[in-house]
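Chemist: Before I ask anything, here is the structure I am working with.
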Amino acid sequence: MATVLIVAPVFALIAAGYAAVLFRFVSDSAHKGISEFAFSIAIPALLFRTIVVSEFPDVSPYRMWGAYYGALALTWIAALALSVLLRPRREDSEDGVVFAIGSVYGNIVMLGIPLTLSALGNEAAGPMALILSVNTPLLWLCGILQMELVSRKRTGSALSVISPVLADLARNPLMLAIGFGVIWRFTGLGLTPVVDKTIELLAQAGSPTALIALGINLFRFEVKGEKLSILAMCALKLMAMPAAAYLLAKLLDLPPIAAGVVVLFAAMPTGANAYIFAVQYQRLVNPVSGAVALGTFLAAVTLPVVVWVVGMR
């Protein structure tokens, strides 16, 4: 019953966002604004305040990164191998990179943050920040560099490929919130009551707004074309990656909260950033779109199991 109380409200808010678009309660301009508010203001406020005021468990970042990104690397390799079986032609190697991104790039912001905080509480803030701080730059850089390698179309130095990504990340509100949160925490100044209450009000809007935004954004993703590829990406993302994360968390003897964050983040369905990557290279756009849509719906079944397993650890 406790697992239902954690997961059901999360997916109810996603369904509410989807229904708002379906029944045209929200206009095109309005749902763009909701998404921008969630990711430019509310979620950054949530991350900043949580990092500043929360008590963090004593955990090695290297063990956490080893568990999460070790699981990600294993899943990435499995995805590349599976892609070769699905697309044996050498000229489809670029598709393999996008297939791998769709199999590992989880929705850890829209869905992962609200669900993890609901399941594990504010003590999860530190471990979450450790993963969030390197997740986007690492995946984008690995994806871009591997795409450059397999396509053999490099037109400049590695720095010219990487620098635009780093410039975008330097302006990313989530990255800025994590960075400033860590810096402010180390100052030991804390937050004055007025400032704390103001940020808290914004932070309280973070999780529900992000979930509503996820439901709204799901409306534009379709399940069409290459059904086998879509199912394979969903299976790798929703089952293989969290299973690998669970085993690595045990092997590395992570504390319960840190292990819970690693496994829950690994179990998140394919996120919109994977779709953006596919669109950027015009590869597997429909299959990745389908993985985002179908994966999120399937996560309503798989995530309660993962939350229960994390609770039993």
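Identifiers for the structure tokens are assigned positionally: chains receive A, B, ... in sequence, residues are indexed from 1 per chain, and ligands are indexed from 1 in the order shown.
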Write down as a PyMOL selection string the residues of region 3-204 of chain A whose backbone DSSP state falls under alpha helix (DSSP H).

Modeler: chain A and resi 3-22+28-37+43-53+61-86+93-104+113-120+125-151+158-170+173-187+193-204

Chemist: What's around region 59-69 of chain A at 6 Å? Count only C-alpha atoms, leave out sequence neighbours fewer than 4 positions away in its own chain, and write the answer as a list in words.

Modeler: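 Skipping anything fewer than 4 positions along the chain leaves Ala73, Ala245, Leu248, Ala249 and Val262 of chain A.
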
Chemist: Find, counting only C-alpha atoms, the residue in A:Asn135, A:Leu86, A:Gly17, A:Ile6 that gets nearest to Ala30 (chain A).

Modeler: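 That would be A:Gly17, the residue with the smallest distance to Ala30 (chain A).
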
Chemist: Using Å and a single decimal, report how far CA of Ala42 (chain A) sits from CA of Leu202 (chain A).

Modeler: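 That distance, rounded to one decimal, is 5.4 Å.
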
Chemist: Between A:Arg49, A:Leu298, A:Tyr275, A:Leu85, which is the closest to Asn217 (chain A) once you count only C-alpha atoms?

Modeler: A:Tyr275

Chemist: Out of A:Ala79, A:Leu284, A:Leu176, A:Ala205, which residue has the shortest atom-to-atom distance to Cys234 (chain A) when counting only C-alpha atoms?

Modeler: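 Distance minimum relative to Cys234 (chain A) lands on A:Ala79.
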
Chemist: Residues at most 7 Å from Leu264 (chain A), counting only C-alpha atoms, excluding those fewer than 3 positions away in the same chain, as number ranges by chain?

Modeler: A: 116, 260-261, 267-268, 306

Chemist: Please save N, CA and C atoms of the selected residues as a PDB file, in the first residue's frame.

Modeler:
```pdb
ATOM      1  N   THR A 116      11.683  10.130  -6.733  1.00  0.00           N
ATOM      2  CA  THR A 116      12.731   9.780  -5.771  1.00  0.00           C
ATOM      3  C   THR A 116      12.557  10.535  -4.456  1.00  0.00           C
ATOM      4  N   GLY A 260      19.200   3.492  -3.263  1.00  0.00           N
ATOM      5  CA  GLY A 260      17.850   3.744  -3.744  1.00  0.00           C
ATOM      6  C   GLY A 260      17.824   4.763  -4.871  1.00  0.00           C
ATOM      7  N   VAL A 261      18.599   5.844  -4.725  1.00  0.00           N
ATOM      8  CA  VAL A 261      18.670   6.861  -5.772  1.00  0.00           C
ATOM      9  C   VAL A 261      19.236   6.263  -7.061  1.00  0.00           C
ATOM     10  N   ALA A 267      16.003   3.274 -13.298  1.00  0.00           N
ATOM     11  CA  ALA A 267      14.730   2.683 -13.737  1.00  0.00           C
ATOM     12  C   ALA A 267      13.816   3.666 -14.447  1.00  0.00           C
ATOM     13  N   MET A 268      14.226   4.933 -14.569  1.00  0.00           N
ATOM     14  CA  MET A 268      13.376   5.916 -15.239  1.00  0.00           C
ATOM     15  C   MET A 268      13.265   5.616 -16.733  1.00  0.00           C
ATOM     16  N   VAL A 306      10.087  -1.420  -8.665  1.00  0.00           N
ATOM     17  CA  VAL A 306      11.405  -0.895  -8.288  1.00  0.00           C
ATOM     18  C   VAL A 306      11.335  -0.183  -6.947  1.00  0.00           C
TER      19      VAL A 306
END
```

Chemist: Which residues come within 9 Å of Pro127 (chain A), counting only C-alpha atoms, excluding same-chain residues fewer than 2 positions away, as a PyMOL selection string?

Modeler: chain A and resi 56-57+59+61+64+123-125+129-132+257-259+261-262

Chemist: Identify which of the residues A:Ala167, A:Ala71, A:Ile51, A:Val7 lies closest to Phe186 (chain A), counting only C-alpha atoms when measuring atom-to-atom distances.

Modeler: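 For Phe186 (chain A), the nearest of the candidates is A:Ile51.
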
Chemist: Env of Gly112 (chain A): 10 Å cut, atoms = only C-alpha atoms, seq-sep filter 3 positions within chain, self excluded. Answer as a ChimeraX atom specification.

Modeler: /A:106-109,115-118,128,207,211,261,264-269

Chemist: Those residues you just picked out, can you put them in a file as a short mmCIF file (atom, residue, chain, number, x, y, z; two decimals), in the first residue's frame with N, CA and C atoms?

Modeler:
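So again02.cif came out as:
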```cif
data_model
loop_
_atom_site.label_atom_id
_atom_site.label_comp_id
_atom_site.auth_asym_id
_atom_site.auth_seq_id
_atom_site.Cartn_x
_atom_site.Cartn_y
_atom_site.Cartn_z
N GLY A 106 17.67 8.36 -19.29
CA GLY A 106 16.40 8.32 -18.58
C GLY A 106 15.85 9.69 -18.23
N ASN A 107 14.57 9.72 -17.93
CA ASN A 107 13.89 10.97 -17.57
C ASN A 107 14.08 11.23 -16.07
N ILE A 108 15.32 11.53 -15.68
CA ILE A 108 15.61 11.66 -14.26
C ILE A 108 15.27 13.03 -13.70
N VAL A 109 14.92 13.98 -14.56
CA VAL A 109 14.52 15.31 -14.07
C VAL A 109 13.00 15.38 -13.92
N LEU A 115 9.65 11.51 -8.10
CA LEU A 115 9.41 10.17 -7.57
C LEU A 115 10.43 9.79 -6.51
N THR A 116 11.68 10.13 -6.73
CA THR A 116 12.73 9.78 -5.77
C THR A 116 12.56 10.54 -4.46
N LEU A 117 12.23 11.82 -4.53
CA LEU A 117 11.97 12.58 -3.31
C LEU A 117 10.76 12.03 -2.57
N SER A 118 9.74 11.61 -3.31
CA SER A 118 8.55 11.04 -2.69
C SER A 118 8.86 9.70 -2.02
N MET A 128 21.22 12.49 -5.39
CA MET A 128 20.61 12.94 -6.64
C MET A 128 21.48 13.99 -7.32
N SER A 207 7.89 19.70 -8.14
CA SER A 207 7.51 18.33 -8.49
C SER A 207 6.18 18.25 -9.24
N LEU A 211 5.73 17.15 -13.29
CA LEU A 211 4.92 15.99 -13.68
C LEU A 211 3.81 16.38 -14.64
N VAL A 261 18.60 5.84 -4.72
CA VAL A 261 18.67 6.86 -5.77
C VAL A 261 19.24 6.26 -7.06
N LEU A 264 16.56 3.83 -8.59
CA LEU A 264 15.38 4.54 -9.09
C LEU A 264 15.72 5.38 -10.32
N PHE A 265 16.82 6.09 -10.29
CA PHE A 265 17.22 6.88 -11.46
C PHE A 265 17.47 5.96 -12.67
N ALA A 266 18.09 4.80 -12.42
CA ALA A 266 18.35 3.87 -13.52
C ALA A 266 17.06 3.32 -14.11
N ALA A 267 16.00 3.27 -13.30
CA ALA A 267 14.73 2.68 -13.74
C ALA A 267 13.82 3.67 -14.45
N MET A 268 14.23 4.93 -14.57
CA MET A 268 13.38 5.92 -15.24
C MET A 268 13.26 5.62 -16.73
N PRO A 269 12.11 5.82 -17.32
CA PRO A 269 11.94 5.58 -18.76
C PRO A 269 12.74 6.57 -19.59
#
```

Chemist: Have a look at CA of Asn273 (chain A) and CA of Met239 (chain A) and let me know their distance in Å, one decimal.

Modeler: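 Pair CA of Asn273 (chain A) / CA of Met239 (chain A) returns 19.7 Å.
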
Chemist: Env of region 34-38 of chain A: 7 Å cut, atoms = only C-alpha atoms, seq-sep filter 2 positions within chain, self excluded. Answer as a ChimeraX atom specification.

Modeler: /A:30-32,40-43,206,209-210,213

Chemist: Take the residues that were just selected and, keeping N, CA, C and O atoms, output them as a CSV table (one decimal), in the first residue's frame.

Modeler:
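Once everything was written out, this is result_19.csv:
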```csv
chain,number,residue,atom,x,y,z
A,30,ALA,N,0.4,27.9,-23.7
A,30,ALA,CA,0.4,27.7,-22.3
A,30,ALA,C,1.2,26.5,-21.9
A,30,ALA,O,2.0,26.6,-20.9
A,31,HIS,N,1.2,25.4,-22.6
A,31,HIS,CA,1.9,24.3,-22.1
A,31,HIS,C,3.4,24.4,-22.3
A,31,HIS,O,4.3,23.9,-21.6
A,32,LYS,N,3.8,25.3,-23.3
A,32,LYS,CA,5.2,25.6,-23.4
A,32,LYS,C,5.7,26.4,-22.2
A,32,LYS,O,6.8,26.2,-21.7
A,40,SER,N,13.0,26.0,-15.6
A,40,SER,CA,13.9,27.1,-15.5
A,40,SER,C,13.7,27.8,-14.1
A,40,SER,O,14.6,28.5,-13.7
A,41,ILE,N,12.6,27.5,-13.4
A,41,ILE,CA,12.4,28.2,-12.1
A,41,ILE,C,12.1,27.2,-11.0
A,41,ILE,O,12.9,27.1,-10.0
A,42,ALA,N,11.0,26.4,-11.1
A,42,ALA,CA,10.6,25.6,-10.0
A,42,ALA,C,11.5,24.5,-9.6
A,42,ALA,O,11.9,24.4,-8.5
A,43,ILE,N,11.9,23.7,-10.6
A,43,ILE,CA,12.9,22.6,-10.3
A,43,ILE,C,14.2,23.1,-9.9
A,43,ILE,O,14.8,22.6,-8.9
A,206,GLY,N,7.7,22.7,-7.8
A,206,GLY,CA,8.6,22.0,-8.7
A,206,GLY,C,8.1,20.6,-9.1
A,206,GLY,O,8.0,20.3,-10.3
A,209,THR,N,4.6,20.6,-10.9
A,209,THR,CA,4.6,21.2,-12.2
A,209,THR,C,5.4,20.4,-13.2
A,209,THR,O,5.1,20.3,-14.4
A,210,ALA,N,6.5,19.8,-12.8
A,210,ALA,CA,7.3,18.9,-13.7
A,210,ALA,C,6.5,17.7,-14.2
A,210,ALA,O,6.6,17.3,-15.3
A,213,ALA,N,4.0,18.9,-16.7
A,213,ALA,CA,4.7,19.2,-17.9
A,213,ALA,C,5.1,17.9,-18.6
A,213,ALA,O,5.0,17.9,-19.9
```

Chemist: Which residue out of A:Pro208, A:Gly181, A:Gly215, A:Pro242 has the minimum interatomic distance to Tyr18 (chain A) when only C-alpha atoms are used?

Modeler: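 Counting only C-alpha atoms, the residue closest to Tyr18 (chain A) is A:Gly215.
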